[in-house]
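Student: Below you'll find data-v2.txt; it's compact mmCIF, C-alpha atoms and all ligand atoms.
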```txt
# COMPACT_ATOMS: atom_id res chain seq x y z
CA MET A 290 34.32 -141.32 -94.42
CA GLU A 291 32.54 -139.22 -91.80
CA LYS A 292 32.60 -135.56 -92.75
CA LYS A 293 33.87 -132.78 -90.50
CA ARG A 294 30.96 -130.59 -89.49
CA ILE A 295 31.42 -126.86 -89.29
CA ILE A 296 28.70 -124.45 -88.17
CA LEU A 297 28.54 -121.24 -90.14
CA ALA A 298 26.29 -118.53 -88.76
CA VAL A 299 25.27 -115.27 -90.37
CA SER A 300 24.05 -112.43 -88.15
CA GLY A 301 22.89 -108.94 -89.07
CA ALA A 302 26.18 -107.05 -89.34
CA SER A 303 27.47 -105.78 -92.65
CA GLY A 304 29.62 -108.41 -94.41
CA ALA A 305 27.22 -111.05 -95.74
CA PRO A 306 29.41 -111.47 -98.90
CA LEU A 307 32.13 -112.85 -96.63
CA ALA A 308 29.81 -115.62 -95.52
CA GLU A 309 28.98 -116.30 -99.17
CA VAL A 310 32.67 -116.71 -100.07
CA CYS A 311 33.33 -118.89 -96.99
CA LEU A 312 30.44 -121.18 -97.94
CA LYS A 313 31.59 -121.38 -101.58
CA GLU A 314 35.15 -122.25 -100.53
CA LEU A 315 33.95 -124.85 -98.02
CA LYS A 316 31.79 -126.42 -100.73
CA LYS A 317 35.00 -127.20 -102.68
CA ILE A 318 36.43 -129.24 -99.78
CA PRO A 319 34.78 -132.69 -99.72
CA GLU A 320 35.83 -133.48 -96.13
CA TYR A 321 33.70 -130.64 -94.68
CA GLU A 322 29.96 -130.47 -94.14
CA THR A 323 28.50 -127.01 -93.55
CA HIS A 324 25.69 -126.36 -91.08
CA LEU A 325 24.18 -122.93 -91.66
CA VAL A 326 22.08 -120.78 -89.33
CA ILE A 327 20.98 -117.26 -90.20
CA SER A 328 19.52 -114.73 -87.77
CA ARG A 329 16.63 -112.39 -88.70
CA GLY A 330 19.14 -109.57 -89.13
CA GLY A 331 21.35 -111.86 -91.21
CA GLU A 332 18.51 -112.50 -93.63
CA GLU A 333 18.23 -108.78 -94.14
CA THR A 334 21.93 -108.17 -94.79
CA ILE A 335 22.12 -111.16 -97.18
CA LEU A 336 19.36 -109.61 -99.30
CA HIS A 337 20.92 -106.11 -99.08
CA GLU A 338 24.52 -107.08 -99.70
CA THR A 339 24.63 -110.12 -101.97
CA ASP A 340 23.13 -110.91 -105.38
CA LEU A 341 21.63 -114.13 -104.05
CA SER A 342 18.07 -114.97 -103.04
CA MET A 343 17.63 -116.62 -99.64
CA GLU A 344 17.09 -119.93 -101.41
CA GLU A 345 20.33 -119.57 -103.38
CA PHE A 346 22.25 -118.54 -100.27
CA THR A 347 20.99 -121.39 -98.09
CA GLY A 348 21.63 -123.75 -101.01
CA LEU A 349 25.36 -123.12 -100.55
CA ALA A 350 25.26 -125.09 -97.27
CA ASP A 351 24.79 -128.82 -96.70
CA VAL A 352 22.28 -128.26 -93.90
CA CYS A 353 20.35 -125.09 -93.04
CA TYR A 354 18.48 -124.51 -89.78
CA ASP A 355 15.65 -122.19 -88.82
CA CYS A 356 17.08 -119.72 -86.29
CA LYS A 357 13.91 -120.03 -84.20
CA ASN A 358 14.33 -123.80 -83.88
CA ILE A 359 16.14 -124.00 -80.57
CA GLY A 360 15.67 -127.78 -80.59
CA ALA A 361 17.82 -128.31 -83.71
CA SER A 362 20.81 -130.66 -83.55
CA ILE A 363 23.39 -127.83 -83.30
CA ALA A 364 21.67 -126.74 -80.06
CA SER A 365 23.17 -129.78 -78.33
CA GLY A 366 26.76 -130.47 -77.36
CA THR A 367 26.23 -134.15 -78.16
CA PHE A 368 26.13 -133.18 -81.85
CA ARG A 369 29.82 -133.19 -82.69
CA THR A 370 31.28 -130.32 -84.72
CA GLU A 371 34.73 -128.96 -85.46
CA GLY A 372 33.57 -125.54 -84.30
CA MET A 373 31.63 -122.50 -85.40
CA ILE A 374 32.21 -119.33 -87.39
CA VAL A 375 29.90 -116.32 -86.98
CA VAL A 376 30.40 -114.27 -90.12
CA PRO A 377 29.52 -111.45 -89.94
CA CYS A 378 28.93 -111.08 -86.21
CA SER A 379 26.80 -108.13 -85.09
CA MET A 380 27.30 -106.30 -81.80
CA LYS A 381 23.92 -107.62 -80.65
CA THR A 382 25.07 -111.18 -81.27
CA VAL A 383 28.41 -110.43 -79.54
CA ALA A 384 26.43 -109.19 -76.52
CA GLY A 385 24.25 -112.31 -76.54
CA ILE A 386 27.24 -114.66 -76.73
CA ALA A 387 29.23 -112.75 -74.09
CA ASN A 388 26.33 -113.04 -71.68
CA GLY A 389 25.15 -116.57 -72.41
CA TYR A 390 21.81 -115.13 -73.53
CA SER A 391 20.77 -117.84 -75.98
CA ASP A 392 17.34 -116.77 -77.20
CA ASN A 393 17.80 -118.02 -80.76
CA LEU A 394 19.51 -121.03 -82.36
CA LEU A 395 22.55 -119.03 -83.49
CA LEU A 396 23.23 -117.84 -79.93
CA ARG A 397 22.55 -121.27 -78.47
CA ALA A 398 24.94 -122.94 -80.93
CA ALA A 399 27.65 -120.41 -79.99
CA ASP A 400 26.98 -121.04 -76.30
CA VAL A 401 27.31 -124.79 -76.89
CA THR A 402 30.51 -124.30 -78.90
CA ILE A 403 32.01 -122.42 -75.95
CA LYS A 404 30.84 -124.89 -73.30
CA GLU A 405 32.21 -127.81 -75.31
CA LYS A 406 35.49 -125.90 -75.69
CA ARG A 407 35.36 -126.04 -79.47
CA ARG A 408 36.73 -123.37 -81.75
CA LEU A 409 34.55 -120.25 -82.13
CA ILE A 410 35.52 -117.55 -84.64
CA LEU A 411 33.64 -114.25 -84.36
CA VAL A 412 33.96 -111.97 -87.38
CA THR A 413 32.81 -108.93 -85.45
CA ARG A 414 31.86 -105.87 -87.44
CA GLU A 415 30.87 -102.38 -86.34
CA THR A 416 32.47 -98.99 -86.59
CA PRO A 417 33.12 -96.98 -84.55
CA LEU A 418 33.14 -99.33 -81.59
CA SER A 419 31.55 -98.24 -78.30
CA GLN A 420 32.88 -99.07 -74.86
CA ILE A 421 30.09 -101.65 -74.57
CA HIS A 422 31.13 -103.37 -77.84
CA LEU A 423 34.79 -103.35 -76.80
CA ARG A 424 34.01 -104.65 -73.32
CA ASN A 425 32.01 -107.58 -74.72
CA MET A 426 34.72 -108.44 -77.26
CA GLU A 427 37.48 -108.05 -74.67
CA TYR A 428 35.63 -110.47 -72.41
CA LEU A 429 35.09 -113.02 -75.21
CA SER A 430 38.72 -112.81 -76.32
CA GLY A 431 39.63 -114.30 -72.92
CA VAL A 432 37.26 -117.25 -73.28
CA GLN A 433 38.97 -120.53 -74.24
CA ASN A 434 39.07 -121.18 -78.02
CA VAL A 435 37.30 -117.95 -78.96
CA THR A 436 38.90 -115.79 -81.67
CA ILE A 437 37.77 -112.24 -82.34
CA LEU A 438 38.51 -111.65 -86.00
CA PRO A 439 37.23 -108.33 -87.34
CA PRO A 440 37.18 -108.28 -91.16
CA VAL A 441 40.07 -105.86 -91.58
CA ILE A 442 41.65 -105.42 -95.03
CA SER A 443 45.25 -106.61 -95.52
CA TYR A 444 46.84 -104.16 -97.93
CA TYR A 445 49.99 -106.30 -98.26
CA SER A 446 48.02 -108.79 -100.37
CA ARG A 447 47.61 -105.95 -102.93
CA PRO A 448 43.88 -106.48 -103.59
CA LYS A 449 42.75 -105.34 -107.04
CA SER A 450 39.02 -105.70 -106.43
CA LEU A 451 36.39 -106.22 -103.77
CA GLU A 452 36.42 -109.91 -104.78
CA ASP A 453 40.14 -110.04 -103.89
CA VAL A 454 39.44 -108.42 -100.52
CA ASN A 455 36.57 -110.80 -99.77
CA PHE A 456 38.58 -113.86 -100.82
CA HIS A 457 41.56 -112.87 -98.68
CA LEU A 458 39.33 -112.23 -95.66
CA ALA A 459 37.42 -115.49 -96.17
CA CYS A 460 40.74 -117.39 -96.32
CA LYS A 461 41.85 -115.67 -93.11
CA ILE A 462 38.59 -116.56 -91.37
CA LEU A 463 38.76 -120.21 -92.48
CA ASP A 464 42.47 -120.34 -91.60
CA ALA A 465 41.57 -119.34 -88.03
CA ALA A 466 39.16 -122.30 -88.01
CA GLY A 467 42.01 -124.60 -89.13
CA ILE A 468 40.72 -124.84 -92.72
CA PHE A 469 43.31 -124.11 -95.36
CA ILE A 470 42.26 -122.69 -98.73
CA PRO A 471 44.48 -123.03 -101.81
CA GLY A 472 45.39 -119.63 -103.23
CA PHE A 473 45.47 -117.89 -99.84
CA LYS A 474 48.20 -115.28 -100.15
CA ARG A 475 50.16 -115.46 -96.91
CA TRP A 476 52.66 -112.82 -95.92
CA GLU A 477 56.05 -113.63 -97.38
CA SER A 478 58.97 -111.92 -95.76
CA ASN A 479 62.33 -111.41 -97.39
CA ASP A 480 64.16 -112.93 -94.35
CA ASN A 481 66.50 -114.96 -96.55
CA ALA A 482 67.16 -112.22 -99.11
C1 LIG A 501 22.19 -103.19 -93.82
C2 LIG A 501 22.45 -103.33 -92.34
C3 LIG A 501 23.75 -103.30 -91.88
C4 LIG A 501 24.04 -103.44 -90.51
N1 LIG A 501 25.32 -103.45 -90.11
C5 LIG A 501 25.62 -103.68 -88.82
C6 LIG A 501 26.99 -103.82 -88.43
O1 LIG A 501 27.92 -103.72 -89.22
N2 LIG A 501 27.23 -104.15 -87.12
C7 LIG A 501 26.23 -104.32 -86.20
O2 LIG A 501 26.54 -104.63 -85.06
N3 LIG A 501 24.92 -104.18 -86.56
C8 LIG A 501 24.60 -103.86 -87.83
N4 LIG A 501 23.28 -103.76 -88.22
C9 LIG A 501 22.24 -103.84 -87.19
C10 LIG A 501 21.86 -105.27 -86.82
O3 LIG A 501 21.36 -105.95 -87.95
C11 LIG A 501 20.81 -105.26 -85.71
O4 LIG A 501 21.37 -104.77 -84.51
C12 LIG A 501 20.19 -106.62 -85.48
O5 LIG A 501 19.25 -106.54 -84.45
C13 LIG A 501 21.23 -107.67 -85.15
O6 LIG A 501 20.58 -108.86 -84.78
P1 LIG A 501 21.25 -110.28 -85.00
O7 LIG A 501 22.61 -110.20 -84.42
O8 LIG A 501 20.35 -111.20 -84.27
O9 LIG A 501 21.29 -110.51 -86.48
C14 LIG A 501 22.97 -103.59 -89.58
C15 LIG A 501 21.65 -103.61 -90.06
C16 LIG A 501 21.40 -103.49 -91.41
C17 LIG A 501 19.97 -103.53 -91.89
```
Give the structure from this file in structure tokens form.

Tutor:
Amino acid sequence: MEKKRIILAVSGASGAPLAEVCLKELKKIPEYETHLVISRGGEETILHETDLSMEEFTGLADVCYDCKNIGASIASGTFRTEGMIVVPCSMKTVAGIANGYSDNLLLRAADVTIKEKRRLILVTRETPLSQIHLRNMEYLSGVQNVTILPPVISYYSRPKSLEDVNFHLACKILDAAGIFIPGFKRWESNDNA
């Protein structure tokens, strides 16, 4: 059976552990094949924020690309994918995507995802947000199939630890990409009570 390819990109915003959890959850689903690209900034945040070496982190994916290799397969629309998740997504990467400024493989793959009208999830992270950040995100939110998904804690899931928070957010991110993770605590109303 041909696997479903999903591009997972890590840029230099805070939140590298979220990418780690997403990759670990995707690894448990045999029908998906993960294609990983990490920006220069992403390499730095992975080393700052996770307990993994670069080798261990990239080993979580099925395929890993050099971000400088703009000739890699994910740089072309002819390479079929289910879509792309940028987790975490820095404001620099948001600016690059919003302006079609594809000077590395991560940005080119996002540009391709948009032009091919495939799903693109941007886990944008910065605080506070400037008018420039908001303008770029507002613009992207109007682009077909783009979801702006800041990693905001859901208190209703009653997290007991940072692991709980990261797992809930990773499930939410993957859910937006149409990938359903067992154990994801969805909101349950008492409508029928
Ligand atoms: C530890 C660390 C945390 C950072 N957190 C953020 C952040 O949350 N959001 C952001 O937009 N940039 C953040 N930055 C700055 C970006 O890494 C920087 O702007 C970089 O050039 C982004 O490039 P990239 O998007 O190509 O990775 C952080 C940098 C470091 C070293």

Student: Would you mind listing the residues within 9 Å of ligand LIG 501 (chain A), counting only C-alpha atoms and all ligand atoms, as a PyMOL selection string?

Tutor: chain A and resi 299-304+327-338+377-385+393+395-396+413-416+422

Student: Per residue of region 384-422 of chain A within 7 Å of region 349-366 of chain A, what are the shortest atom pair and its distance in Å to one decimal, counting all atoms listed in the file, with rows by chain and residue number, as a Markdown table?

Tutor:
```
| residue | atom | partner | partner_atom | distance |
| --- | --- | --- | --- | --- |
| A:Asn393 | CA | A:Lys357 | CA | 5.6 |
| A:Leu394 | CA | A:Cys356 | CA | 4.8 |
| A:Leu395 | CA | A:Cys356 | CA | 6.2 |
| A:Arg397 | CA | A:Ala364 | CA | 5.8 |
| A:Ala398 | CA | A:Ala364 | CA | 5.1 |
| A:Val401 | CA | A:Gly366 | CA | 5.7 |
| A:Glu405 | CA | A:Gly366 | CA | 6.4 |
```

Student: Under the rule that all atoms listed in the file are counted, which of A:Lys404, A:His324, A:Arg424, A:Arg294 is the nearest residue to Thr370 (chain A)?

Tutor: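 So, comparing all the options, the nearest one is A:Arg294.
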
Student: What does the distance from CA of Glu309 (chain A) to CA of Met290 (chain A) come to in Å, to one decimal?

Tutor: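 Between CA of Glu309 (chain A) and CA of Met290 (chain A) the gap is 26.0 Å.
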
Student: Could you check how far CA of Glu477 (chain A) sits from CA of Lys461 (chain A), in Å to one decimal?

Tutor: 15.0 Å

Student: Please determine, counting all atoms listed in the file, which residue among A:Leu325, A:Val376, A:Leu307, A:Ile421 has the shortest atom-to-atom distance to Asp453 (chain A).

Tutor: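 Using all atoms listed in the file, Asp453 (chain A) sits closest to A:Leu307.
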
Student: Smallest atom-to-atom distance to Thr367 (chain A): which of A:Ser446, A:Thr347, A:Asn388, A:Thr402, using only C-alpha atoms?

Tutor: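 Answer, going by the shortest atom-to-atom distance: A:Thr402.
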
Student: Work out how far apart CA of Thr339 (chain A) and CA of Ile442 (chain A) are and give it in Å to one decimal.

Tutor: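 Between CA of Thr339 (chain A) and CA of Ile442 (chain A) the gap works out to 19.0 Å.
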